[in-house]
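For reference, coords.csv (CSV, C-alpha atoms):
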```
chain,number,residue,atom,x,y,z
A,1,MET,CA,-1.4,84.1,-107.3
A,2,ILE,CA,-1.9,84.7,-103.6
A,3,ASN,CA,-0.4,81.9,-101.7
A,4,TYR,CA,1.5,81.9,-98.4
A,5,GLU,CA,4.6,80.1,-97.1
A,6,ASN,CA,2.8,79.9,-93.8
A,7,VAL,CA,-0.7,78.8,-94.6
A,8,LYS,CA,-3.4,79.6,-92.1
A,9,ALA,CA,-6.5,78.1,-93.8
A,10,MET,CA,-10.1,77.4,-93.0
A,11,TRP,CA,-12.5,75.1,-94.9
A,12,LEU,CA,-15.7,76.7,-96.0
A,13,SER,CA,-17.9,73.7,-96.6
A,14,GLN,CA,-21.3,73.4,-98.4
A,15,PHE,CA,-22.9,73.2,-94.9
A,16,ASP,CA,-21.1,76.4,-93.8
A,17,MET,CA,-22.3,78.3,-96.9
A,18,TRP,CA,-25.7,76.7,-97.5
A,19,SER,CA,-27.7,79.2,-95.5
A,20,ILE,CA,-25.7,82.0,-97.2
A,21,TYR,CA,-26.4,80.7,-100.7
A,22,CYS,CA,-30.0,79.8,-100.1
A,23,LYS,CA,-33.1,81.4,-98.5
A,24,ASP,CA,-36.5,79.9,-98.3
A,25,GLY,CA,-35.4,77.0,-100.6
A,26,GLN,CA,-34.2,79.3,-103.3
A,27,GLN,CA,-31.0,81.0,-104.3
A,28,ARG,CA,-30.6,84.0,-102.0
A,29,PRO,CA,-31.0,87.4,-103.8
A,30,LYS,CA,-27.6,88.8,-104.8
A,31,GLU,CA,-28.1,92.0,-102.9
A,32,GLU,CA,-28.4,89.9,-99.7
A,33,PHE,CA,-25.7,87.4,-100.6
A,34,ILE,CA,-22.9,90.0,-101.0
A,35,PRO,CA,-22.9,91.4,-97.4
A,36,LEU,CA,-23.1,87.9,-95.9
A,37,VAL,CA,-20.0,86.9,-97.9
A,38,GLU,CA,-18.3,90.1,-96.8
A,39,THR,CA,-19.0,89.2,-93.2
A,40,VAL,CA,-17.5,85.7,-93.6
A,41,PHE,CA,-14.2,87.1,-95.0
A,42,ASP,CA,-14.1,89.9,-92.4
A,43,ARG,CA,-14.4,87.2,-89.8
A,44,LEU,CA,-11.6,85.2,-91.4
A,45,VAL,CA,-9.3,88.2,-91.3
A,46,ASP,CA,-10.2,88.8,-87.6
A,47,THR,CA,-9.2,85.2,-86.9
A,48,GLY,CA,-5.8,85.3,-88.6
A,49,ILE,CA,-6.8,83.2,-91.6
A,50,ASN,CA,-5.0,83.9,-94.9
A,51,THR,CA,-6.4,81.0,-97.0
A,52,ALA,CA,-10.0,79.9,-97.6
A,53,ILE,CA,-10.7,76.4,-99.0
A,54,ILE,CA,-14.1,76.9,-100.6
A,55,GLN,CA,-16.3,73.9,-101.5
A,56,THR,CA,-17.1,74.0,-105.2
A,57,ARG,CA,-18.1,70.4,-106.0
A,58,PRO,CA,-19.5,68.4,-103.0
A,59,ASN,CA,-21.7,65.8,-104.9
A,60,ALA,CA,-20.7,65.7,-108.6
A,61,ASP,CA,-22.5,69.1,-108.8
A,62,SER,CA,-21.3,72.7,-109.0
A,63,MET,CA,-21.4,75.9,-106.9
A,64,TYR,CA,-21.0,77.9,-110.2
A,65,PRO,CA,-22.6,77.6,-113.6
A,66,SER,CA,-20.7,74.7,-115.3
A,67,LYS,CA,-21.0,72.9,-118.6
A,68,TYR,CA,-19.8,69.7,-116.9
A,69,TYR,CA,-21.9,69.5,-113.7
A,70,THR,CA,-25.4,70.5,-112.6
A,71,MET,CA,-25.9,73.4,-110.2
A,72,SER,CA,-25.7,72.3,-106.6
A,73,LYS,CA,-28.8,72.1,-104.4
A,74,TYR,CA,-26.7,73.9,-101.8
A,75,VAL,CA,-26.7,77.0,-104.1
A,76,VAL,CA,-30.1,76.9,-105.9
A,77,GLY,CA,-32.2,74.9,-103.5
A,78,ALA,CA,-32.8,71.8,-105.6
A,79,TYR,CA,-31.2,69.9,-108.5
A,80,GLY,CA,-32.4,70.7,-112.0
A,81,ARG,CA,-32.4,74.5,-111.4
A,82,GLU,CA,-30.2,77.2,-112.8
A,83,ALA,CA,-28.4,80.0,-110.9
A,84,ASN,CA,-29.6,83.6,-111.1
A,85,TYR,CA,-26.1,84.8,-110.6
A,86,ASP,CA,-22.6,83.4,-110.1
A,87,PRO,CA,-21.9,83.2,-106.3
A,88,LEU,CA,-18.3,81.8,-106.7
A,89,ARG,CA,-17.1,84.9,-108.5
A,90,ILE,CA,-18.3,87.1,-105.7
A,91,ILE,CA,-16.7,84.9,-103.1
A,92,ILE,CA,-13.3,85.0,-104.9
A,93,ASP,CA,-13.5,88.7,-105.3
A,94,GLU,CA,-14.3,89.4,-101.7
A,95,ALA,CA,-11.5,87.0,-100.5
A,96,HIS,CA,-8.9,88.6,-102.7
A,97,LYS,CA,-9.9,92.1,-101.6
A,98,ARG,CA,-8.7,91.0,-98.2
A,99,ASN,CA,-5.6,89.2,-99.5
A,100,ILE,CA,-7.1,85.9,-98.7
A,101,SER,CA,-6.0,83.0,-100.9
A,102,ILE,CA,-8.7,80.8,-102.4
A,103,HIS,CA,-8.3,77.1,-103.1
A,104,ALA,CA,-11.2,75.5,-105.0
A,105,TRP,CA,-12.2,72.3,-103.2
A,106,ILE,CA,-13.7,69.4,-105.1
A,107,ASN,CA,-15.0,66.0,-104.0
A,108,PRO,CA,-13.9,63.9,-107.0
A,109,LEU,CA,-16.0,60.7,-106.6
A,110,ARG,CA,-19.0,61.3,-104.4
A,111,CYS,CA,-22.3,61.9,-106.2
A,112,MET,CA,-25.9,62.6,-105.1
A,113,THR,CA,-28.6,60.3,-103.8
A,114,GLU,CA,-30.7,58.3,-106.2
A,115,GLU,CA,-33.7,60.6,-105.7
A,116,GLU,CA,-31.5,63.6,-106.4
A,117,ILE,CA,-29.7,62.2,-109.4
A,118,LYS,CA,-33.0,61.6,-111.2
A,119,SER,CA,-33.3,65.4,-111.5
A,120,VAL,CA,-30.0,65.8,-113.3
A,121,SER,CA,-30.3,66.5,-117.0
A,122,GLU,CA,-28.6,64.1,-119.5
A,123,ASP,CA,-26.8,67.2,-120.8
A,124,PHE,CA,-24.4,66.4,-117.9
A,125,ALA,CA,-22.4,63.2,-117.8
A,126,ILE,CA,-23.7,62.2,-114.4
A,127,GLY,CA,-27.3,62.3,-115.5
A,128,LYS,CA,-26.5,60.5,-118.8
A,129,TRP,CA,-24.5,57.7,-117.0
A,130,TYR,CA,-27.2,57.2,-114.4
A,131,ASN,CA,-29.9,56.7,-117.1
A,132,ASP,CA,-27.7,54.4,-119.2
A,133,LYS,CA,-28.3,50.8,-118.0
A,134,ASP,CA,-25.0,49.7,-119.6
A,135,ILE,CA,-23.1,52.3,-117.5
A,136,ASN,CA,-25.1,52.6,-114.3
A,137,GLY,CA,-23.4,50.1,-111.9
A,138,LYS,CA,-20.1,50.5,-113.7
A,139,MET,CA,-18.8,54.0,-114.0
A,140,ILE,CA,-21.3,55.2,-111.5
A,141,VAL,CA,-22.1,52.9,-108.5
A,142,GLN,CA,-24.5,53.2,-105.6
A,143,VAL,CA,-22.9,52.7,-102.1
A,144,GLY,CA,-25.4,53.3,-99.3
A,145,ARG,CA,-27.6,56.4,-100.1
A,146,ASN,CA,-25.1,58.0,-102.5
A,147,PHE,CA,-23.7,57.1,-105.9
A,148,TYR,CA,-19.9,57.2,-106.5
A,149,LEU,CA,-17.8,57.4,-109.6
A,150,ASP,CA,-15.3,54.6,-110.3
A,151,PRO,CA,-11.9,56.3,-111.1
A,152,ALA,CA,-10.7,53.2,-112.9
A,153,TYR,CA,-12.5,54.4,-116.1
A,154,GLU,CA,-10.7,56.9,-118.2
A,155,GLU,CA,-14.0,58.6,-119.0
A,156,VAL,CA,-14.6,59.2,-115.3
A,157,ARG,CA,-11.1,60.6,-114.7
A,158,ASN,CA,-11.5,62.8,-117.8
A,159,LEU,CA,-14.8,64.2,-116.4
A,160,ILE,CA,-13.2,65.1,-113.1
A,161,VAL,CA,-10.1,66.7,-114.7
A,162,ASP,CA,-12.2,68.6,-117.3
A,163,GLY,CA,-14.4,70.0,-114.5
A,164,ALA,CA,-11.3,71.1,-112.5
A,165,SER,CA,-9.8,72.6,-115.6
A,166,GLU,CA,-13.0,74.6,-116.2
A,167,LEU,CA,-12.7,75.9,-112.6
A,168,LEU,CA,-9.1,77.1,-113.2
A,169,ASP,CA,-10.0,78.6,-116.5
A,170,LEU,CA,-13.0,80.6,-115.3
A,171,TYR,CA,-11.8,81.8,-111.9
A,172,ASP,CA,-8.8,83.5,-110.4
A,173,VAL,CA,-8.3,80.9,-107.8
A,174,ASP,CA,-4.9,80.2,-106.2
A,175,GLY,CA,-5.1,76.5,-105.9
A,176,LEU,CA,-7.1,73.3,-106.4
A,177,HIS,CA,-7.9,71.1,-103.4
A,178,MET,CA,-9.2,67.6,-103.1
A,179,ASP,CA,-10.4,66.0,-99.8
A,180,ASP,CA,-10.7,62.5,-98.4
A,181,TYR,CA,-13.6,61.1,-100.3
A,182,PHE,CA,-11.8,58.5,-102.3
A,183,TYR,CA,-13.0,54.9,-102.6
A,184,PRO,CA,-16.2,54.7,-100.5
A,185,THR,CA,-15.9,51.0,-99.6
A,186,THR,CA,-13.6,48.0,-99.4
A,187,ASP,CA,-16.4,45.8,-100.9
A,188,GLU,CA,-15.1,44.1,-104.0
A,189,SER,CA,-18.4,44.5,-105.8
A,190,PHE,CA,-17.9,48.3,-106.2
A,191,ASP,CA,-15.6,48.0,-109.1
A,192,SER,CA,-16.1,44.3,-110.1
A,193,PHE,CA,-16.7,45.3,-113.8
A,194,SER,CA,-13.6,47.5,-114.2
A,195,TYR,CA,-11.3,45.2,-112.2
A,196,GLY,CA,-12.7,42.1,-113.9
A,197,LYS,CA,-12.0,43.7,-117.3
A,198,TYR,CA,-8.5,44.5,-116.2
A,199,VAL,CA,-7.8,41.0,-115.0
A,200,LYS,CA,-9.3,39.5,-118.2
A,201,GLU,CA,-6.9,41.6,-120.2
A,202,GLY,CA,-3.9,40.2,-118.3
A,203,GLY,CA,-3.6,42.6,-115.4
A,204,GLU,CA,-1.8,41.2,-112.4
A,205,LEU,CA,-2.3,43.8,-109.7
A,206,SER,CA,-4.3,43.0,-106.7
A,207,LEU,CA,-7.6,44.8,-106.3
A,208,ALA,CA,-6.1,47.1,-103.7
A,209,ASP,CA,-3.2,48.0,-105.9
A,210,PHE,CA,-5.5,48.4,-108.9
A,211,ARG,CA,-7.5,50.9,-106.9
A,212,ARG,CA,-4.4,52.8,-105.8
A,213,GLU,CA,-3.1,52.9,-109.4
A,214,SER,CA,-6.5,54.3,-110.6
A,215,LEU,CA,-6.2,57.1,-108.0
A,216,ASP,CA,-2.6,57.7,-108.9
A,217,LYS,CA,-3.7,58.3,-112.5
A,218,LEU,CA,-6.4,60.7,-111.4
A,219,VAL,CA,-4.1,62.6,-109.0
A,220,SER,CA,-1.2,62.9,-111.5
A,221,SER,CA,-3.6,64.1,-114.2
A,222,LEU,CA,-5.1,66.8,-111.9
A,223,TYR,CA,-1.6,67.9,-111.0
A,224,SER,CA,-0.4,68.1,-114.6
A,225,MET,CA,-3.5,69.9,-115.6
A,226,THR,CA,-3.1,72.4,-112.8
A,227,LYS,CA,0.5,73.1,-113.7
A,228,SER,CA,-0.3,73.5,-117.4
A,229,LYS,CA,-2.5,76.5,-116.4
A,230,ASN,CA,0.1,78.2,-114.2
A,231,GLU,CA,3.1,76.7,-112.4
A,232,LYS,CA,2.3,78.9,-109.4
A,233,LEU,CA,-1.1,77.3,-108.8
A,234,TRP,CA,-1.1,74.8,-106.0
A,235,PHE,CA,-2.7,71.4,-106.0
A,236,GLY,CA,-3.2,69.8,-102.6
A,237,ILE,CA,-5.0,66.8,-101.1
A,238,SER,CA,-6.5,66.5,-97.6
A,239,PRO,CA,-6.7,62.7,-96.7
A,240,ALA,CA,-8.0,61.3,-93.5
A,241,GLY,CA,-5.6,61.5,-90.6
A,242,VAL,CA,-4.6,57.8,-90.0
A,243,ILE,CA,-2.2,56.7,-92.7
A,244,SER,CA,-3.1,53.0,-92.6
A,245,GLN,CA,-6.7,53.8,-93.1
A,246,VAL,CA,-5.9,56.1,-96.1
A,247,LEU,CA,-3.8,53.4,-97.7
A,248,ASP,CA,-5.8,50.3,-97.0
A,249,LYS,CA,-9.5,51.5,-96.9
A,250,HIS,CA,-9.5,54.6,-99.1
A,251,TYR,CA,-6.8,53.2,-101.4
A,252,ALA,CA,-5.1,56.6,-101.7
A,253,ASN,CA,-1.3,56.1,-102.1
A,254,VAL,CA,-0.2,59.0,-100.0
A,255,VAL,CA,3.2,57.5,-99.5
A,256,LYS,CA,3.9,57.8,-103.2
A,257,TRP,CA,2.3,61.2,-103.5
A,258,CYS,CA,4.5,62.6,-100.7
A,259,SER,CA,7.7,61.1,-102.0
A,260,GLU,CA,7.6,61.4,-105.8
A,261,ASP,CA,7.3,64.5,-108.0
A,262,GLY,CA,4.2,65.0,-110.2
A,263,PHE,CA,1.4,64.4,-107.7
A,264,ILE,CA,0.8,67.2,-105.2
A,265,ASP,CA,2.2,70.5,-103.9
A,266,TYR,CA,0.9,70.0,-100.4
A,267,ILE,CA,-0.6,67.3,-98.2
A,268,CYS,CA,-3.1,68.3,-95.5
A,269,PRO,CA,-3.9,65.3,-93.3
A,270,GLN,CA,-7.1,65.6,-91.2
A,271,VAL,CA,-5.5,65.1,-87.8
A,272,TYR,CA,-8.9,65.4,-86.1
A,273,PHE,CA,-7.9,63.8,-82.8
A,274,GLY,CA,-7.2,65.0,-79.3
A,275,ILE,CA,-3.8,64.9,-77.5
A,276,GLU,CA,-5.1,62.1,-75.2
A,277,HIS,CA,-6.6,59.9,-77.8
A,278,PRO,CA,-5.6,56.3,-76.9
A,279,THR,CA,-4.8,55.0,-80.4
A,280,CYS,CA,-4.5,58.1,-82.6
A,281,PRO,CA,-3.0,60.9,-80.4
A,282,PHE,CA,-2.6,64.2,-82.3
A,283,MET,CA,1.2,64.5,-81.8
A,284,LYS,CA,2.0,61.0,-83.0
A,285,LEU,CA,-0.1,61.4,-86.1
A,286,CYS,CA,1.7,64.6,-86.9
A,287,ASP,CA,5.0,62.9,-86.5
A,288,ASP,CA,3.9,60.0,-88.7
A,289,TRP,CA,2.9,62.3,-91.5
A,290,GLN,CA,6.1,64.3,-91.3
A,291,ASP,CA,8.2,61.2,-91.5
A,292,MET,CA,6.3,60.2,-94.6
A,293,VAL,CA,6.9,63.5,-96.5
A,294,THR,CA,10.2,62.8,-98.1
A,295,ASN,CA,9.8,65.0,-101.2
A,296,LYS,CA,11.2,68.5,-100.5
A,297,ASN,CA,8.6,69.9,-103.0
A,298,VAL,CA,5.6,68.7,-100.9
A,299,ARG,CA,4.4,71.0,-98.1
A,300,LEU,CA,3.0,69.6,-94.9
A,301,ILE,CA,-0.2,71.5,-93.7
A,302,ILE,CA,-1.8,70.0,-90.6
A,303,GLY,CA,-5.6,69.8,-90.7
A,304,MET,CA,-7.5,70.3,-87.4
A,305,THR,CA,-11.1,70.6,-86.3
A,306,LEU,CA,-13.0,72.5,-83.7
A,307,GLY,CA,-15.8,69.9,-84.1
A,308,LYS,CA,-15.0,68.0,-81.0
A,309,ALA,CA,-14.5,71.1,-78.9
A,310,TYR,CA,-18.0,72.2,-80.2
A,311,ALA,CA,-19.5,68.9,-79.1
A,312,GLU,CA,-17.3,68.7,-76.0
A,313,LYS,CA,-16.9,65.0,-76.7
A,314,ASP,CA,-15.1,62.4,-78.8
A,315,GLU,CA,-17.2,59.3,-78.6
A,316,TYR,CA,-14.5,57.2,-80.3
A,317,ALA,CA,-11.7,58.2,-77.9
A,318,LYS,CA,-12.9,55.7,-75.1
A,319,ASP,CA,-11.3,56.8,-71.8
A,320,ALA,CA,-10.3,60.1,-73.3
A,321,SER,CA,-13.8,60.9,-74.7
A,322,ASP,CA,-14.1,63.9,-72.2
A,323,GLU,CA,-10.8,65.5,-73.1
A,324,TRP,CA,-12.5,68.3,-74.9
A,325,LYS,CA,-14.9,68.9,-72.0
A,326,ASN,CA,-12.2,68.9,-69.4
A,327,ASN,CA,-9.7,71.0,-71.3
A,328,LYS,CA,-10.3,74.3,-73.2
A,329,ASP,CA,-6.8,74.7,-74.6
A,330,VAL,CA,-6.6,71.5,-76.8
A,331,MET,CA,-6.4,73.4,-80.0
A,332,TYR,CA,-3.9,75.8,-78.6
A,333,ARG,CA,-1.6,73.0,-77.6
A,334,CYS,CA,-2.1,71.2,-80.9
A,335,LEU,CA,-1.1,74.3,-82.9
A,336,ASP,CA,1.8,74.9,-80.6
A,337,TYR,CA,3.1,71.4,-81.3
A,338,ALA,CA,2.4,71.5,-85.1
A,339,ARG,CA,4.1,74.8,-85.7
A,340,ASN,CA,7.3,73.4,-84.3
A,341,LEU,CA,7.4,70.5,-86.7
A,342,LYS,CA,10.5,70.6,-88.9
A,343,LEU,CA,8.3,70.4,-92.1
A,344,TYR,CA,5.4,72.6,-90.9
A,345,ALA,CA,4.1,74.7,-93.7
A,346,GLY,CA,0.7,75.7,-92.2
A,347,VAL,CA,-2.5,74.7,-90.6
A,348,ALA,CA,-6.1,74.3,-91.9
A,349,TYR,CA,-9.3,74.4,-89.7
A,350,PHE,CA,-12.5,72.6,-90.2
A,351,CYS,CA,-14.7,74.5,-90.3
A,352,TYR,CA,-16.3,78.0,-90.3
A,353,GLN,CA,-19.5,77.0,-88.5
A,354,TYR,CA,-17.6,75.8,-85.4
A,355,PHE,CA,-16.1,79.3,-85.1
A,356,TYR,CA,-19.0,81.6,-86.2
A,357,ASP,CA,-22.6,81.5,-87.2
A,358,SER,CA,-22.7,81.4,-91.0
A,359,VAL,CA,-25.4,84.1,-91.4
A,360,THR,CA,-24.8,86.5,-88.5
A,361,GLY,CA,-21.1,86.0,-88.1
A,362,GLU,CA,-21.6,85.8,-84.3
A,363,GLU,CA,-19.1,83.8,-82.3
A,364,LYS,CA,-20.2,80.3,-81.4
A,365,PRO,CA,-20.4,80.0,-77.6
A,366,ASN,CA,-19.5,76.3,-77.6
A,367,THR,CA,-16.0,77.0,-78.7
A,368,GLN,CA,-15.4,80.4,-77.2
A,369,LYS,CA,-12.8,79.3,-74.6
A,370,GLU,CA,-10.8,77.3,-77.1
A,371,ARG,CA,-10.8,80.2,-79.6
A,372,GLU,CA,-9.8,82.7,-76.9
A,373,LYS,CA,-6.5,80.7,-76.5
A,374,LEU,CA,-6.1,79.6,-80.1
A,375,ILE,CA,-6.6,82.7,-82.1
A,376,PRO,CA,-3.9,84.9,-80.5
A,377,LEU,CA,-1.4,82.2,-81.2
A,378,LEU,CA,-2.6,81.7,-84.7
A,379,LYS,CA,-2.3,85.4,-85.4
A,380,SER,CA,1.1,85.6,-84.0
A,381,ILE,CA,2.8,82.9,-86.1
```

Please lay out the structure from this file as structure tokens.
Amino acid sequence: MINYENVKAMWLSQFDMWSIYCKDGQQRPKEEFIPLVETVFDRLVDTGINTAIIQTRPNADSMYPSKYYTMSKYVVGAYGREANYDPLRIIIDEAHKRNISIHAWINPLRCMTEEEIKSVSEDFAIGKWYNDKDINGKMIVQVGRNFYLDPAYEEVRNLIVDGASELLDLYDVDGLHMDDYFYPTTDESFDSFSYGKYVKEGGELSLADFRRESLDKLVSSLYSMTKSKNEKLWFGISPAGVISQVLDKHYANVVKWCSEDGFIDYICPQVYFGIEHPTCPFMKLCDDWQDMVTNKNVRLIIGMTLGKAYAEKDEYAKDASDEWKNNKDVMYRCLDYARNLKLYAGVAYFCYQYFYDSVTGEEKPNTQKEREKLIPLLKSI
């Protein structure tokens, strides 16, 4: 296992990698793919990054040939196609050549749009459940454009755990990573069937606690499965940055996960806010998360983004919306604060495309001044 006590990570999302995986609507030829991946990891080394969090399952699909999930459109161009080669194995090999740790990143509950899901074979659970009128609307439920899985069902949790187990069996990854896509809505209709059945059978939990318990079961199962493969493998979660939102809108019981054994090895809150934000200032949120981590076995990794520096605006920050335009050292000051937290175990940046062009590797001019200050500090700690 390659893991670091001082994590310096970067998320490689499906959108970062899409133009590397695909060309002209098809999977890019292998001989073209490899040098592009080499450039990505050379850039990460230059930046001081020692850990890459690579998206492997964005929409109940797969970035590698899987028996549980269909190939992702981000790799092969459209759903219903097979891969000509395995890109994930190449990615992991190139990362490890450079001593970069790889954490396989999954979205557990989010699925495709209705138009896309129609192309998924019934050989996969997602396609089968969508086409089954007794299951569609229960285990798999549409919210907005996308479908989502209901984790209250044991069959759903088993699919997610089996898919993650397959990942850890097939690939020499160093960890498993889950992000902030938990319950997609507070609407009671989302899980009216599973919760109604629970109440009818005598269950007394509120809907909110029922949802938190369902996620507890999923997270503890993923943790146990991960440790059954290798005790040195890490399992971590990256929730949204505001604790009350995570608890009351996403129903992720991060308080429990960060205080009790058997859930996670690290928590990586997405503290995607500026220092001057009027309601969610970066430093206060970091302090809130540190106060919440009471289990000495849970590492605190602070998630940050260059997205607002890239846009030079935070439209939700009201009077502080121009902080990123008026200051070009916000990320430097955030890292400087975070690294001095008592429980600091690392940092993770979202995402590659705000640092570099995915295909050419050229530096993004929008974030140049921020990076000029940030990267020397990142490399020095």

Kindly indicate which residue among A:Arg212, A:Lys30, A:His277, A:Lys296 lies nearest to A:Val254, using only C-alpha atoms for the distances. A:Arg212

For each of A:Ser220, A:Ile49, A:Val359, A:Asn297, take the minimum atom-to-atom distance to A:Ile34, counting all atoms listed in the file, then give the residue where this is smallest.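 Closest to A:Ile34, using all atoms listed in the file: A:Val359.
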
Have a look at atom CA of A:Trp234 and atom CA of A:Leu168 and let me know their distance in Å, one decimal.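 If I compute the distance from atom CA of A:Trp234 to atom CA of A:Leu168, I get 11.0 Å.
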
Find the residue from A:Met304, A:Ile90, A:Ala348, A:Met225 that sits nearest to A:Gly163; use all atoms listed in the file when measuring. A:Met225

Residues within 6 Å of stretch 239-248 of chain A, please, as a ChimeraX atom specification. Count all atoms listed in the file; anything in the same chain fewer than 6 positions from it doesn't count. /A:179-180,269-271

Return the single residue from A:Ser221, A:Thr294, A:Phe282, A:Phe263 that is closest to A:Asp162, with distances computed using only C-alpha atoms. A:Ser221

Pairwise distance, atom CA of A:Tyr349 with atom CA of A:Leu306, equals 7.3 Å
